[in-house]
Amino acid sequence: MIATTKTNQEKITADKSIEPGRTHPLGATPDCNGVNFSLFSEHATSVELLIFDRPNDHQPSQIIKLNPKTNKTFHFWHVYVQGLKPKAGYAYRVDGPQDLHGSGHRFNKNKVLIDPYSKGNSHDLWNRIDALGDKDNLTTSMRSAVIDLDDYDWQGDRPLGRPISSSIIYEMHVGGLTKSASSNCKYPGTFAGVIEKIPYLKELGITAVELLPIFDFDQQETLREVDGKPLTNYWGYDPHSFFAPETSYCYDPKETSPITQFRDMVKALHKEGIEVILDVVFNHTSEGNHEGPTINFRGIDNSIYYHLVSFDKQYYMDYSGCGNTVNCNHPMVDKLIVECLEFWVREMHVDGFRFDEGSILSRGLDGAPMVNPAVLWHIETSGTLADTKMIAEAWDAGGLYQIGYFPGYRYAEWNGRYRDDIRKFVKGDPGLVGAVANRLAGSADLYEYNGRTPINGINFITCHDGFTLNDLVSYNYKHNEANGEGNRDGIDENLSWNCGIEGETDNPEVQALRKRQIKNFAAILLLSQGIPMILGGDEFGRTQKGNNNGYCQDNEINWFDWNLIYKNAEIFRFFKSMIAFRKRYGSLCRRGFFNGETNERGLADISWHGCQLYQPGWDDSNSRALAYTLAGFDGAVDIHVMLNMHWESLEFEIPPIPDRNWFKVVDTAQESPLDILEPCREVLIQDNRYQVSDRSIAVLISQ
């Protein structure tokens, strides 16, 4: 620890001269002559800036104690350090009152803090235990790094601006995509590894990747040990720095900065027409509950950044289920969130964001839901974000559920109702045809009443949180024993069906049924109005062995097994072909709801049927079958879909089309390649009826 006597202080700060600096922008901003530093803290009484020649140096080369008279404007603490260059390290010590119970202040000068606006951090010396309690943690703290954002050649790249109505989203984990040796990647588990898999993503046909959190988080945090193996925060839903990419996703962060490696990935994806959507976590941070470590926000101004329990402010309100909750609608936190999003769009060329537990962003300073939350409208009206896709998980762990009425107009919502209704229907629950029709048609029952459209709904069957699609048809029960929580974690009601045998089996009949069920789910998802999202790996039968909460499994449970592409080539081909089918026909990607408009052949935009035409059986509590016809306009093909989730085959009537014939494209009961036929290989239907096998789907087009 460097002494803070006046003589030593003068000696240390003599290396580089300082100027008062400016309040904005917040963070560390280099120019050709030095670096400006700015930090917001309303309640701090003193701030020290620590400068390190390298971010992983044990001792600072310079300590600058900011003078409140010259280095503070309102509540912004600022200084300009002449001659300082990018790649230098820095951190803060912030002092102020400690009043845990009354005001919630947790200032502690012994804690070295990273910058909330840092664009990169070093974890080399980090010890989470030392960030607890009152111990001075200078030699075991994280350090922020000065980053020159202008030192990169984008080669003309920019966000792609694809209309969301044509999006097909692929949710994936950066590390899990390529960490397995089966990926055959030069840089497994990294942003560079994603680049190596772009040809695969392009072949599949998706239009956007939605990346599980890539904000810097504490990869060293050990949650518990199971069978002698440490379990860590694999998913990354526990960030501490919103502007910095996660260093563990980089092949050599000391030689090539995480900023550069992330940009390289975005640029490469954009060259192949694939957008990048980030799953962002603004609802809580890695600092956890009242017993958690001090990393940045807690030590900079705890009562500003977090929701605290009103009658005893040593404790945190936990609407997130993760120990603390970010106070998103405080003006300065609102500012941080919006500037963060604008940074990722402006400087990193990101195309969209998915807000984890997004309903927390609608909670006011008292924690209650707001009618017009400032931060959500600030995001909505930002000019920088005008063409950026915004997707909300419209609920939180505090019980707030906002599907269909998430504040704002632009936000698409993860449609949990879609997931649940389609899961129940495909596993064979009766009396759901009305609900399923709503989901297939874009969930007008959820969105139309308040002026929204089908593109406000993100349709999904599976996501990172829960069973994979293979496991959804292979397990009746979760199997989370490897998580070390006694199988108590993860949801119990998965709306799954194992097709007769729990888990893996060699039974050929069960295997065939599971394969058909996977195809049924894929077909429904890609035939539905709204925006489809596919969980990465579902397209080739990835399994987590029944684990429906893989948040702590940085191993084969989560990693993609690329050998499955060959083992389950039929499933991969079906997904790929269904994606191509969706792309071919604009009637599957409507921007507005059906309104009864008829085409030149007299067909309504959508017509509903059961086994008999125009008799969908809305009130039939035993029904497991539904059919519908989508009219093509301006010469486009008509599409007729028949869904039979009964355990017996059913005969469906086919509507007559003037001057056209029906051709079969899809029949999930058939083996590949007859399950989905390539263009110009469709089979003419010569009858006015079609026999749909048990638990299968057939799709026809008119030509």
# chains A, B, ... in the order shown; residues from 1 in each chain; ligands from 1

call {"tool": "residues_around", "arguments": {"residues": "Lys424 of chain A", "least_positions_apart": "6", "cutoff": "9 Å", "atoms": "only C-alpha atoms", "output": "PyMOL selection string"}}
result
chain A and resi 430+432+495-496

call {"tool": "closest_atom_pairs", "arguments": {"of": "segment 58-167 of chain A", "to": "segment 399-416 of chain A", "cutoff": "12 Å", "atoms": "only C-alpha atoms", "output": "tab-separated table"}}
result
residue	atom	partner	partner_atom	distance
A:Ile164	CA	A:Ala412	CA	9.3
A:Ser165	CA	A:Ala412	CA	10.7
A:Ser167	CA	A:Ala412	CA	11.9

call {"tool": "select_by_dssp", "arguments": {"residues": "segment 186-415 of chain A", "states": "strand (DSSP E or B)", "output": "ChimeraX atom specification"}}
result
/A:208-211,215-217,222-226,229-232,239-245,275-280,306,308,316,326,352-355,363,369,389-392,395,401,412-414

call {"tool": "residues_around", "arguments": {"residues": "segment 260-273 of chain A", "least_positions_apart": "5", "cutoff": "7 Å", "atoms": "only C-alpha atoms", "output": "MDAnalysis selection string"}}
result
chainID A and resid 157 160 191:192 194:195 198 207 250 348

call {"tool": "residues_around", "arguments": {"residues": "Glu539 of chain A", "least_positions_apart": "5", "cutoff": "7 Å", "atoms": "only C-alpha atoms", "output": "VMD selection string"}}
result
chain A and resid 571 to 572 575

call {"tool": "write_last_selection", "arguments": {"atoms": "N, CA and C atoms", "output": "PDB file, in the first residue's frame"}}
result
ATOM      1  N   ILE A 571     -32.928 -33.588 -38.713  1.00  0.00           N
ATOM      2  CA  ILE A 571     -33.511 -32.456 -37.985  1.00  0.00           C
ATOM      3  C   ILE A 571     -32.914 -31.148 -38.486  1.00  0.00           C
ATOM      4  N   PHE A 572     -31.580 -31.126 -38.670  1.00  0.00           N
ATOM      5  CA  PHE A 572     -30.936 -29.912 -39.176  1.00  0.00           C
ATOM      6  C   PHE A 572     -31.495 -29.525 -40.538  1.00  0.00           C
ATOM      7  N   PHE A 575     -35.011 -27.939 -40.120  1.00  0.00           N
ATOM      8  CA  PHE A 575     -34.942 -26.554 -39.650  1.00  0.00           C
ATOM      9  C   PHE A 575     -34.501 -25.629 -40.786  1.00  0.00           C
TER      10      PHE A 575
END

call {"tool": "closest_residue", "arguments": {"among": "A:Leu525, A:Ile391, A:Ala444, A:Ile337", "to": "Gly592 of chain A", "atoms": "only C-alpha atoms"}}
result
A:Ala444

call {"tool": "residues_around", "arguments": {"residues": "Val473 of chain A", "least_positions_apart": "6", "cutoff": "12 Å", "atoms": "only C-alpha atoms", "output": "JSON, numbers by chain"}}
result
{"A": [423, 424, 426, 427, 428, 461, 462, 467, 494, 495, 496, 497, 498, 499, 500, 501, 502, 503, 504, 510, 511, 512, 513, 514, 515, 516, 517, 518, 519, 520, 521, 538, 541, 542, 543, 545, 546]}

call {"tool": "residues_around", "arguments": {"residues": "Val47 of chain A", "least_positions_apart": "4", "cutoff": "7 Å", "atoms": "only C-alpha atoms", "output": "list in words"}}
result
Lys65, Leu66, Tyr92, Arg93, Val94 and Asp95 of chain A

call {"tool": "write_last_selection", "arguments": {"atoms": "N, CA and C atoms", "output": "short mmCIF file (atom, residue, chain, number, x, y, z; two decimals), in the first residue's frame"}}
result
data_model
loop_
_atom_site.label_atom_id
_atom_site.label_comp_id
_atom_site.auth_asym_id
_atom_site.auth_seq_id
_atom_site.Cartn_x
_atom_site.Cartn_y
_atom_site.Cartn_z
N LYS A 65 -5.44 12.92 -5.92
CA LYS A 65 -6.56 13.24 -5.03
C LYS A 65 -7.31 14.44 -5.62
N LEU A 66 -8.55 14.22 -6.00
CA LEU A 66 -9.31 15.28 -6.66
C LEU A 66 -9.71 16.36 -5.66
N TYR A 92 -10.47 3.84 -8.83
CA TYR A 92 -10.82 4.92 -7.91
C TYR A 92 -10.88 4.40 -6.47
N ARG A 93 -10.60 5.34 -5.57
CA ARG A 93 -11.01 5.19 -4.17
C ARG A 93 -12.00 6.32 -3.91
N VAL A 94 -13.15 5.96 -3.38
CA VAL A 94 -14.21 6.96 -3.13
C VAL A 94 -14.58 6.88 -1.65
N ASP A 95 -14.53 8.02 -0.98
CA ASP A 95 -14.86 8.06 0.44
C ASP A 95 -16.10 8.90 0.66
#

call {"tool": "closest_residue", "arguments": {"among": "A:His101, A:Asn71, A:Trp559, A:Lys583", "to": "Phe311 of chain A", "atoms": "only C-alpha atoms"}}
result
A:His101

call {"tool": "atom_distance", "arguments": {"atom1": "atom CA of Trp562 of chain A", "atom2": "atom CA of Ser183 of chain A"}}
result
5.7 Å
